[in-house]
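Here's structure13.txt, which has compact mmCIF, C-alpha atoms:
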# COMPACT_ATOMS: atom_id res chain seq x y z
CA MET V 1 0.00 0.00 0.00
CA ASN V 2 0.95 3.47 -0.57
CA PRO V 3 2.24 5.34 2.41
CA MET V 4 0.23 8.36 1.47
CA VAL V 5 -3.02 6.54 1.35
CA GLN V 6 -2.10 4.97 4.59
CA LEU V 7 -1.42 8.38 6.15
CA ALA V 8 -4.63 9.85 4.74
CA ALA V 9 -6.58 6.92 6.08
CA GLU V 10 -5.10 7.41 9.52
CA THR V 11 -5.92 11.12 9.72
CA GLU V 12 -9.57 10.75 8.76
CA ASN V 13 -11.83 9.67 11.59
CA PRO V 14 -15.07 8.05 10.29
CA LEU V 15 -17.05 9.24 13.34
CA VAL V 16 -16.27 12.91 12.82
CA PRO V 17 -17.89 14.31 9.68
CA PRO V 18 -16.02 16.75 7.53
CA ILE V 19 -16.47 20.40 8.60
CA PRO V 20 -18.17 21.63 5.42
CA GLU V 21 -20.73 18.83 5.68
CA LEU V 22 -21.27 19.63 9.33
CA ILE V 23 -21.94 23.32 8.58
CA ILE V 24 -24.33 22.53 5.68
CA GLY V 25 -26.20 20.00 7.87
CA LEU V 26 -26.42 22.49 10.72
CA ILE V 27 -27.79 25.24 8.42
CA ALA V 28 -30.34 22.78 6.93
CA PHE V 29 -31.39 21.71 10.44
CA VAL V 30 -31.87 25.35 11.54
CA ILE V 31 -33.96 26.09 8.40
CA VAL V 32 -36.19 23.01 8.87
CA PHE V 33 -36.50 23.65 12.64
CA GLY V 34 -37.32 27.34 12.02
CA PHE V 35 -39.93 26.42 9.42
CA LEU V 36 -41.50 23.85 11.75
CA ALA V 37 -41.45 26.29 14.66
CA TRP V 38 -42.95 29.02 12.50
CA LYS V 39 -45.68 26.92 10.79
CA LEU V 40 -46.32 23.79 12.83
CA LEU V 41 -45.73 24.87 16.44
CA PRO V 42 -48.64 27.42 16.59
CA ASN V 43 -51.05 24.77 15.22
CA ILE V 44 -49.79 22.21 17.76
CA ASN V 45 -50.13 24.74 20.60
CA LYS V 46 -53.61 25.66 19.38
CA VAL V 47 -54.73 22.00 19.28
CA LEU V 48 -53.20 21.36 22.71
CA GLU V 49 -54.97 24.42 24.16
CA GLU V 50 -58.32 23.33 22.67
CA ARG V 51 -57.82 19.84 24.07
CA ARG V 52 -56.95 21.24 27.51
CA GLU V 53 -60.05 23.48 27.47
CA ALA V 54 -62.22 20.55 26.30
CA ILE V 55 -60.87 18.36 29.09
CA GLU V 56 -61.35 21.09 31.72
CA GLY V 57 -64.82 21.86 30.34
CA GLY V 58 -65.65 18.16 30.34
CA ILE V 59 -64.51 17.87 33.93
CA GLU V 60 -66.59 20.92 34.88
CA LYS V 61 -69.59 19.52 33.00
CA ALA V 62 -69.10 16.16 34.67
CA GLU V 63 -68.93 17.81 38.09
CA ALA V 64 -72.06 19.85 37.29
CA ALA V 65 -73.84 16.72 36.06
CA GLN V 66 -72.78 14.85 39.17
CA THR V 67 -74.03 17.67 41.38
CA GLU V 68 -77.33 17.77 39.48
CA ALA V 69 -77.64 13.97 39.68
CA GLN V 70 -77.04 14.13 43.43
CA SER V 71 -79.71 16.84 43.73
CA VAL V 72 -82.18 14.78 41.69
CA LEU V 73 -81.38 11.72 43.82
CA GLU V 74 -82.09 13.69 47.00
CA GLN V 75 -85.38 14.95 45.53
CA TYR V 76 -86.30 11.40 44.51
CA LYS V 77 -85.55 10.10 47.99
CA ALA V 78 -87.62 12.90 49.54
CA GLN V 79 -90.54 12.19 47.20
CA LEU V 80 -90.27 8.48 47.89
CA ALA V 81 -90.33 9.08 51.64
CA GLU V 82 -93.30 11.43 51.23
CA ALA V 83 -95.12 8.85 49.08
CA ARG V 84 -94.51 6.15 51.69
CA HIS V 85 -95.80 8.46 54.40
CA GLU V 86 -98.87 9.30 52.31
CA ALA V 87 -99.51 5.61 51.61
CA ALA V 88 -99.29 4.82 55.33
CA ARG V 89 -101.68 7.68 56.10
CA LEU V 90 -104.15 6.51 53.45
CA ARG V 91 -103.92 2.93 54.72
CA GLN V 92 -104.62 4.15 58.28
CA GLU V 93 -107.58 6.24 57.09
CA ALA V 94 -108.96 3.27 55.15
CA GLN V 95 -108.68 1.05 58.22
CA GLU V 96 -110.44 3.66 60.35
CA GLN V 97 -113.17 4.12 57.74
CA GLY V 98 -113.53 0.35 57.48
CA ALA V 99 -113.88 0.02 61.24
CA THR V 100 -116.42 2.87 61.29
CA LEU V 101 -118.35 1.30 58.43
CA ILE V 102 -118.37 -2.08 60.15
CA ALA V 103 -119.63 -0.48 63.36
CA GLU V 104 -122.33 1.41 61.45
CA MET V 105 -123.38 -1.74 59.60
CA ARG V 106 -123.55 -3.69 62.87
CA ALA V 107 -125.66 -0.94 64.44
CA GLU V 108 -127.91 -0.87 61.37
CA GLY V 109 -128.21 -4.66 61.45
CA GLN V 110 -129.04 -4.55 65.16
CA ARG V 111 -131.66 -1.85 64.55
CA GLN V 112 -133.21 -3.82 61.68
CA ARG V 113 -133.19 -6.96 63.81
CA GLU V 114 -134.96 -5.10 66.61
CA GLU V 115 -137.51 -3.73 64.11
CA ILE V 116 -138.11 -7.21 62.69
CA ILE V 117 -138.49 -8.68 66.18
CA ALA V 118 -140.87 -5.86 67.19
CA ALA V 119 -142.86 -6.31 63.98
CA GLY V 120 -142.93 -10.06 64.61
CA HIS V 121 -144.16 -9.55 68.16
CA ALA V 122 -146.81 -7.12 66.93
CA GLN V 123 -147.86 -9.54 64.21
CA ILE V 124 -147.98 -12.42 66.70
CA GLN V 125 -150.06 -10.27 69.08
CA ALA V 126 -152.42 -9.29 66.26
CA ASP V 127 -152.68 -12.91 65.09
CA ARG V 128 -153.28 -14.01 68.66
CA LYS V 129 -156.07 -11.46 69.10
CA ALA V 130 -157.58 -12.45 65.77
CA ALA V 131 -157.34 -16.14 66.67
CA ALA V 132 -158.82 -15.45 70.12
CA SER V 133 -161.68 -13.50 68.56
CA ALA V 134 -162.32 -16.20 65.98
CA LEU V 135 -162.09 -18.83 68.70
CA ARG V 136 -164.56 -16.91 70.87
CA GLN V 137 -166.99 -16.79 68.01
CA ASP V 138 -166.56 -20.47 67.19
CA VAL V 139 -166.72 -21.52 70.84
CA GLY V 140 -169.73 -19.26 71.33
CA LYS V 141 -171.56 -20.79 68.40
CA LEU V 142 -170.72 -24.28 69.52
CA ALA V 143 -171.67 -23.52 73.12
CA THR V 144 -174.95 -21.95 72.02
CA GLU V 145 -175.80 -24.89 69.82
CA LEU V 146 -174.86 -27.33 72.55
CA ALA V 147 -176.80 -25.42 75.18
CA GLY V 148 -179.76 -25.23 72.84
CA LYS V 149 -179.67 -28.97 72.33
CA LEU V 150 -179.41 -29.58 76.06
CA VAL V 151 -182.17 -27.20 76.97
CA GLY V 152 -184.24 -28.16 74.03
CA GLU V 153 -184.97 -24.64 72.89
CA SER V 154 -183.16 -22.21 70.65
CA LEU V 155 -180.85 -19.70 72.22
CA GLU V 156 -180.75 -17.47 69.22
CA ASP V 157 -181.08 -14.24 71.10
CA HIS V 158 -177.89 -12.53 70.19
CA ALA V 159 -177.56 -10.30 73.24
CA ARG V 160 -178.08 -13.11 75.66
CA GLN V 161 -175.83 -15.34 73.63
CA SER V 162 -173.03 -12.77 73.74
CA ARG V 163 -173.33 -12.33 77.50
CA VAL V 164 -173.20 -16.06 78.11
CA ILE V 165 -170.25 -16.53 75.79
CA ASP V 166 -168.33 -13.62 77.26
CA ARG V 167 -168.94 -14.79 80.80
CA PHE V 168 -167.82 -18.32 79.88
CA LEU V 169 -164.68 -17.14 78.13
CA ASP V 170 -163.82 -14.74 80.93
CA GLU V 171 -164.00 -17.60 83.38
CA LEU V 172 -161.67 -19.62 81.12
CA ASP V 173 -159.23 -16.70 80.88
CA ASP V 174 -159.21 -16.31 84.66
CA LYS V 175 -158.52 -20.01 85.13
CA ALA V 176 -155.69 -19.88 82.53
CA THR V 177 -154.16 -16.81 84.19
CA THR V 178 -154.18 -18.39 87.65
CA ALA V 179 -152.76 -21.61 86.22
CA GLU V 180 -149.88 -19.67 84.59
CA ALA V 181 -149.23 -17.70 87.78
CA THR V 182 -148.94 -20.89 89.88
CA ARG V 183 -146.37 -22.40 87.58

Please rewrite the model in this file as structure tokens.
Amino acid sequence: MNPMVQLAAETENPLVPPIPELIIGLIAFVIVFGFLAWKLLPNINKVLEERREAIEGGIEKAEAAQTEAQSVLEQYKAQLAEARHEAARLRQEAQEQGATLIAEMRAEGQRQREEIIAAGHAQIQADRKAAASALRQDVGKLATELAGKLVGESLEDHARQSRVIDRFLDELDDKATTAEATR
């Protein structure tokens, strides 16, 4: 090998670029960096600022929504408690009205029962009087006929017949009354 080539090869370091290349690269880097800083950096900052505002606004909206949701939840709980209280009150009123209605119906039933019993007693009394009257007439007729057959003459005189019948029946009533009293 040639000693010159060997010397030139020893003086050049492959890790260190030549100075003119280094200067041209540095100028190109400054131009590209300046262009990017001038054109691209404002757009990047603008997008980052919008994103930051959107995030902060979203957080504020989320906090407002959470506060509103908490308020609605409290209102819901209050309305639910009020509805439960109202339902309990209505249930109590219904029970009281039911008890009152039952008491009224019992009283009405008792009153109707008493009326029916009184009407029954009155009807029995009227039937008894009617039966007694009919019996008096039948017994009177039979007694008159029997007495007429025994005596052999007609006892058709109505006034006398009535007196005899009444006296006879009164004696029977007196005997029945004393018999009931001795029991």

Atom CA of V:Arg136 and atom CA of V:Leu169 are how many Å apart?
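Here the two named atoms are 7.3 Å from each other.
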
Using all atoms of stretch 41-47 of chain V listed in the file and a margin of 5 Å per side, can you give the axis-aligned box centre and edge lengths in Å to one decimal, as AutoDock Vina command-line options?
--center_x -50.2 --center_y 24.7 --center_z 17.9 --size_x 19.0 --size_y 15.4 --size_z 15.4

To one decimal place in Å, what is the distance between atom CA of V:Ala134 and atom CA of V:Ala122?
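These atoms are spaced 18.0 Å apart.
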
Can you measure atom CA of V:Ala118 to atom CA of V:Arg106 for me? One decimal in Å is fine.
18.0 Å

Contacts of V:Asp166 at 10 Å (only C-alpha atoms; same-chain gap of 6+ positions) as a count of residues only
5
